[in-house]
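A.B. asks: Sending over a structure as structure tokens; questions will come in a sec.
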Amino acid sequence: MDVFNMEGVSFRHHDNLPFVLKDVDLSIPENGRTAVLGANGAGKTTLFYSLTGVYKPSKGEVLYRGKPVEYTKEGLTELRSEVAVVLQNPDEQMFSSTVEEDVAFGPMNIGVPRDEVGERIDRALRDVRMSDYRWSPLQQLSGGQRKRVAIAGALAVRPKVMIMDEPTAGLDPQSSMEVMELAERLHLEGVTVIISTHDVDLAYTWADGVRVLRHGHMIYGGDSEGFYEDIDNVLLSGLLRPSTFSMNREISSISGVDESPYPKTVSEYLAKFGGGNGVTGRIFCIPYSGGPVGDRYAEAVREAGDGARIGLYGTESRYAATDESEKIDFYFDGIDSCLSEAVLGRDSVLIYDSVYEPMVREKAGRLSVFGADIDMQVIG
Ligand SMILES: Nc1ncnc2c1ncn2[C@@H]1O[C@H](COP(=O)(O)OP(=O)(O)OP(=O)(O)O)[C@@H](O)[C@H]1O
């Protein structure tokens, strides 16, 4: 089932201006992780405005769950109760004076009861690490902080579809990681996530599928490799190949192995190109869903041995580990870092928010495609 379809959509801002979207056909699968790629000015933001009904196509049709979008007040309110968007420039969607009011705006607008709005604000601000700024005036925040508040506002709607225009642009590296963790969490919770980005490396590791815009034309829809194989197409689109894709191509040709399967992470890379000696290490897993982790941490470290590295994944685990001041080696990207340890034959401990359990399994499972079977042992 697709959540969005575009059929022959063209859009221009005015009759005497050129078309910005040109005869675009598009489908976005439900619960997918879709990245929309394209150079500056290719039409990504315009595409997102068209999906959310801000722009009405000059020609063609936008369908949400198989039904044409209705450009009435009721039709658009209904659409926006399910589809949240975070704009590239957060100032374009902030009209309140404080952080709390701004995050409350979306849920209030769709009629969420007042006491539940309070809970949603708590959770959303915690997710983006902005709880301490709840009563701050928006104009006193930095650009990156405003972006995180805008993301909190979208999260508070509890949308079925989350559209994020350049979600990591302007964010520091740790905040970028946290936003991508959130995108993963939404995906695991069944939300359809669509992002636009110029960051081909980020899109390559994260997305299930890419859609590529070039001068308003949708020139590609499919898996990443299908697009990056054709270097002329990549360059004409104003993009570059992801570094992991290029390195795999070069090293595969030097080593005389097939390019496929394509490694997308460090651990997959190490597994494919023999970083270890064939003997994998174990990962002692601590799924975290509240409460102290001290006992389970001590048990996991006892099992893994004193030198074992410790990794984290997810905001709640990071809050918990910081509170309890355990020794942590990988504060961010703990899943891939522990998987790399395992490929290199070393035991490790991984603490992650329990919502990420299927992702941990999936990523460990993917390593078997590269010949590394990882022993995952859950503690507690
Ligand atoms: N209000 C407007 N009036 C006229 N043209 C516009 C308007 N807004 C955008 N455009 C034009 O539409 C084209 C597509 O812009 P859009 O913002 O969708 O690109 P983008 O792919 O999101 O670019 P970027 O990566 O730089 O954010 C550009 O050529 C831009 O100049």
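Ligands are numbered from 1 in the order shown, chains are lettered A, B, ... in the order of the structure tokens, and residues start at 1 in each chain.
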Mind checking which residues fall within 7 Å of Val212 of chain A, counting only C-alpha atoms, ignoring those fewer than 6 positions away in the same chain, and posting them as a list in words?
C.D. replies: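 Final neighbour list, sorted by chain and number: Val36, Leu37, Gly38, Met218, Ile219, Tyr220 and Gly221 of chain A.
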A.B. asks: Based on the selection just made, write N, CA and C atoms of those residues as a compact mmCIF listing (two decimals), in the first residue's frame.
C.D. replies:
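Output file again13.txt is given in full below:
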```txt
# COMPACT_ATOMS: atom_id res chain seq x y z
N VAL A 36 14.40 11.62 -0.54
CA VAL A 36 14.26 12.38 -1.78
C VAL A 36 15.56 13.15 -1.97
N LEU A 37 16.23 12.86 -3.08
CA LEU A 37 17.53 13.49 -3.34
C LEU A 37 17.42 14.46 -4.52
N GLY A 38 18.31 15.43 -4.53
CA GLY A 38 18.33 16.36 -5.65
C GLY A 38 19.19 17.55 -5.29
N MET A 218 11.15 13.97 -11.93
CA MET A 218 11.47 12.83 -11.07
C MET A 218 12.17 11.81 -11.97
N ILE A 219 13.49 11.74 -11.84
CA ILE A 219 14.22 10.93 -12.83
C ILE A 219 14.53 9.51 -12.33
N TYR A 220 14.33 9.25 -11.05
CA TYR A 220 14.62 7.90 -10.56
C TYR A 220 13.80 7.59 -9.32
N GLY A 221 13.31 6.38 -9.25
CA GLY A 221 12.67 5.87 -8.03
C GLY A 221 13.02 4.40 -7.90
```
A.B. asks: Out of segment 35-246 of chain A, which residues get strand (DSSP E) from DSSP, as a ChimeraX atom specification?
C.D. replies: /A:35-37,59-64,67-68,83-86,161-165,192-197,209-214,217-222
A.B. asks: Could I get the residue neighbourhood of ligand 1 at 9 Å, counting only C-alpha atoms and all ligand atoms, as a JSON list (two decimals) with N, CA and C atoms, in the first residue's frame?
C.D. replies:
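And here is the file that came out, pocket13.json:
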```json
[["chain", "number", "residue", "atom", "x", "y", "z"],
["A", 12, "ARG", "N", 3.67, 25.32, -10.89],
["A", 12, "ARG", "CA", 4.42, 26.58, -11.01],
["A", 12, "ARG", "C", 3.75, 27.61, -10.12],
["A", 13, "HIS", "N", 4.56, 28.57, -9.68],
["A", 13, "HIS", "CA", 4.06, 29.54, -8.71],
["A", 13, "HIS", "C", 3.11, 30.54, -9.33],
["A", 14, "HIS", "N", 3.27, 30.78, -10.63],
["A", 14, "HIS", "CA", 2.45, 31.77, -11.30],
["A", 14, "HIS", "C", 2.40, 31.41, -12.77],
["A", 17, "LEU", "N", 5.45, 32.07, -14.75],
["A", 17, "LEU", "CA", 6.73, 31.55, -14.25],
["A", 17, "LEU", "C", 6.91, 30.12, -14.77],
["A", 18, "PRO", "N", 8.17, 29.67, -14.87],
["A", 18, "PRO", "CA", 8.38, 28.29, -15.35],
["A", 18, "PRO", "C", 7.90, 27.25, -14.34],
["A", 19, "PHE", "N", 7.62, 26.05, -14.84],
["A", 19, "PHE", "CA", 7.22, 24.97, -13.93],
["A", 19, "PHE", "C", 8.40, 24.57, -13.04],
["A", 20, "VAL", "N", 8.09, 24.33, -11.78],
["A", 20, "VAL", "CA", 9.12, 23.91, -10.81],
["A", 20, "VAL", "C", 9.07, 22.39, -10.66],
["A", 21, "LEU", "N", 7.87, 21.82, -10.69],
["A", 21, "LEU", "CA", 7.71, 20.36, -10.78],
["A", 21, "LEU", "C", 7.15, 20.07, -12.16],
["A", 37, "LEU", "N", 16.23, 12.86, -3.08],
["A", 37, "LEU", "CA", 17.53, 13.49, -3.34],
["A", 37, "LEU", "C", 17.42, 14.46, -4.52],
["A", 38, "GLY", "N", 18.31, 15.43, -4.53],
["A", 38, "GLY", "CA", 18.33, 16.36, -5.65],
["A", 38, "GLY", "C", 19.19, 17.55, -5.29],
["A", 39, "ALA", "N", 19.74, 18.19, -6.32],
["A", 39, "ALA", "CA", 20.61, 19.35, -6.11],
["A", 39, "ALA", "C", 19.80, 20.54, -5.59],
["A", 40, "ASN", "N", 20.47, 21.61, -5.22],
["A", 40, "ASN", "CA", 19.78, 22.85, -4.83],
["A", 40, "ASN", "C", 18.85, 23.26, -5.96],
["A", 41, "GLY", "N", 17.64, 23.60, -5.60],
["A", 41, "GLY", "CA", 16.68, 24.10, -6.60],
["A", 41, "GLY", "C", 16.02, 23.01, -7.43],
["A", 42, "ALA", "N", 16.29, 21.73, -7.14],
["A", 42, "ALA", "CA", 15.73, 20.63, -7.95],
["A", 42, "ALA", "C", 14.21, 20.51, -7.75],
["A", 43, "GLY", "N", 13.71, 20.97, -6.60],
["A", 43, "GLY", "CA", 12.26, 20.92, -6.38],
["A", 43, "GLY", "C", 11.83, 20.10, -5.17],
["A", 44, "LYS", "N", 12.77, 19.76, -4.29],
["A", 44, "LYS", "CA", 12.44, 18.89, -3.14],
["A", 44, "LYS", "C", 11.42, 19.54, -2.20],
["A", 45, "THR", "N", 11.71, 20.79, -1.83],
["A", 45, "THR", "CA", 10.79, 21.48, -0.91],
["A", 45, "THR", "C", 9.43, 21.66, -1.57],
["A", 46, "THR", "N", 9.43, 22.00, -2.85],
["A", 46, "THR", "CA", 8.18, 22.18, -3.58],
["A", 46, "THR", "C", 7.38, 20.87, -3.60],
["A", 47, "LEU", "N", 8.11, 19.77, -3.76],
["A", 47, "LEU", "CA", 7.46, 18.45, -3.75],
["A", 47, "LEU", "C", 6.79, 18.22, -2.40],
["A", 48, "PHE", "N", 7.49, 18.56, -1.31],
["A", 48, "PHE", "CA", 6.93, 18.34, 0.03],
["A", 48, "PHE", "C", 5.71, 19.24, 0.28],
["A", 49, "TYR", "N", 5.81, 20.49, -0.19],
["A", 49, "TYR", "CA", 4.65, 21.39, -0.06],
["A", 49, "TYR", "C", 3.46, 20.84, -0.86],
["A", 88, "GLN", "N", 12.63, 22.83, 6.10],
["A", 88, "GLN", "CA", 14.07, 23.02, 6.10],
["A", 88, "GLN", "C", 14.45, 24.20, 7.01],
["A", 165, "ASP", "N", 12.28, 17.91, 5.77],
["A", 165, "ASP", "CA", 13.06, 18.55, 4.71],
["A", 165, "ASP", "C", 14.44, 18.87, 5.29],
["A", 166, "GLU", "N", 15.44, 18.22, 4.79],
["A", 166, "GLU", "CA", 16.82, 18.43, 5.28],
["A", 166, "GLU", "C", 16.90, 18.36, 6.80],
["A", 196, "SER", "N", 14.23, 14.68, 2.83],
["A", 196, "SER", "CA", 15.01, 15.16, 1.69],
["A", 196, "SER", "C", 16.40, 15.47, 2.21],
["A", 197, "THR", "N", 17.37, 15.27, 1.39],
["A", 197, "THR", "CA", 18.74, 15.55, 1.82],
["A", 197, "THR", "C", 19.68, 15.67, 0.62],
["A", 198, "HIS", "N", 20.79, 16.39, 0.84],
["A", 198, "HIS", "CA", 21.88, 16.34, -0.15],
["A", 198, "HIS", "C", 22.95, 15.39, 0.37],
["A", 213, "LEU", "N", 15.13, 13.93, -7.86],
["A", 213, "LEU", "CA", 14.59, 15.03, -8.66],
["A", 213, "LEU", "C", 15.74, 15.74, -9.37],
["A", 214, "ARG", "N", 15.49, 16.06, -10.65],
["A", 214, "ARG", "CA", 16.49, 16.85, -11.39],
["A", 214, "ARG", "C", 15.72, 17.92, -12.17],
["A", 215, "HIS", "N", 15.98, 19.18, -11.86],
["A", 215, "HIS", "CA", 15.28, 20.30, -12.51],
["A", 215, "HIS", "C", 13.78, 20.06, -12.56],
["A", 216, "GLY", "N", 13.21, 19.57, -11.47],
["A", 216, "GLY", "CA", 11.76, 19.41, -11.39],
["A", 216, "GLY", "C", 11.23, 18.10, -11.96]]
```
A.B. asks: So which one's closest to Glu181 of chain A, A:Met1, A:Val99, A:Leu312, A:Ile254? Using only C-alpha atoms, please.
C.D. replies: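 That would be A:Leu312, the residue with the smallest distance to Glu181 of chain A.
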A.B. asks: What is the distance between atom CA of Gln145 of chain A and atom CA of Met177 of chain A, in Å to one decimal?
C.D. replies: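 We find that atom CA of Gln145 of chain A and atom CA of Met177 of chain A lie 14.4 Å from each other.
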A.B. asks: Excluding same-chain residues fewer than 2 positions from Val83 of chain A, what lies within 10 Å of it counting only C-alpha atoms, as a list in words?
C.D. replies: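 Listing them by chain and then by number gives Val3, Leu51, Thr52, Tyr64, Leu76, Thr77, Glu78, Leu79, Arg80, Ser81, Val85, Ala154, Val157, Arg158, Pro159, Lys160, Val161, Met162, Ile163, Val191, Thr192 and Val193 of chain A.
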A.B. asks: For Glu362 of chain A, please output as a PyMOL selection string all residues within 12 Å (counting only C-alpha atoms; exclusion window: fewer than 2 positions along the same chain).
C.D. replies: chain A and resi 188+335-336+339+356-360+364-369+374+376
A.B. asks: Can you write out the residues you just picked, keeping N, CA and C atoms, as a compact mmCIF listing (two decimals), in the first residue's frame?
C.D. replies:
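That gives us out.txt:
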```txt
# COMPACT_ATOMS: atom_id res chain seq x y z
N LEU A 188 10.19 2.14 13.19
CA LEU A 188 9.88 0.92 13.95
C LEU A 188 8.48 0.98 14.57
N ILE A 335 25.05 0.53 18.06
CA ILE A 335 24.71 -0.76 17.43
C ILE A 335 25.81 -1.14 16.43
N ASP A 336 26.11 -0.22 15.52
CA ASP A 336 27.11 -0.58 14.51
C ASP A 336 28.49 -0.75 15.13
N LEU A 339 28.60 -4.14 16.70
CA LEU A 339 28.66 -5.15 15.63
C LEU A 339 30.07 -5.21 15.04
N TYR A 356 14.17 -0.35 19.86
CA TYR A 356 15.08 -0.64 18.75
C TYR A 356 15.42 -2.12 18.60
N GLU A 357 14.82 -2.96 19.45
CA GLU A 357 15.11 -4.41 19.41
C GLU A 357 15.08 -4.98 17.96
N PRO A 358 13.98 -4.73 17.19
CA PRO A 358 13.96 -5.32 15.84
C PRO A 358 15.10 -4.80 14.96
N MET A 359 15.51 -3.56 15.20
CA MET A 359 16.58 -3.00 14.38
C MET A 359 17.93 -3.66 14.71
N VAL A 360 18.16 -3.91 16.01
CA VAL A 360 19.39 -4.59 16.44
C VAL A 360 19.45 -5.96 15.77
N ALA A 364 22.14 -7.15 12.90
CA ALA A 364 22.99 -8.32 13.15
C ALA A 364 22.73 -9.37 12.07
N GLY A 365 21.44 -9.54 11.71
CA GLY A 365 21.07 -10.53 10.69
C GLY A 365 21.70 -10.21 9.34
N ARG A 366 21.75 -8.92 9.02
CA ARG A 366 22.33 -8.52 7.72
C ARG A 366 23.80 -8.91 7.62
N LEU A 367 24.49 -8.98 8.78
CA LEU A 367 25.92 -9.33 8.73
C LEU A 367 26.13 -10.76 8.25
N SER A 368 25.12 -11.62 8.44
CA SER A 368 25.30 -13.01 7.99
C SER A 368 25.40 -13.05 6.46
N VAL A 369 24.79 -12.05 5.78
CA VAL A 369 24.92 -11.96 4.33
C VAL A 369 26.39 -11.77 3.95
N ILE A 374 26.58 -13.41 14.23
CA ILE A 374 26.85 -12.78 15.52
C ILE A 374 25.98 -13.41 16.61
N MET A 376 24.11 -12.97 19.78
CA MET A 376 23.54 -11.89 20.59
C MET A 376 22.93 -12.52 21.85
```
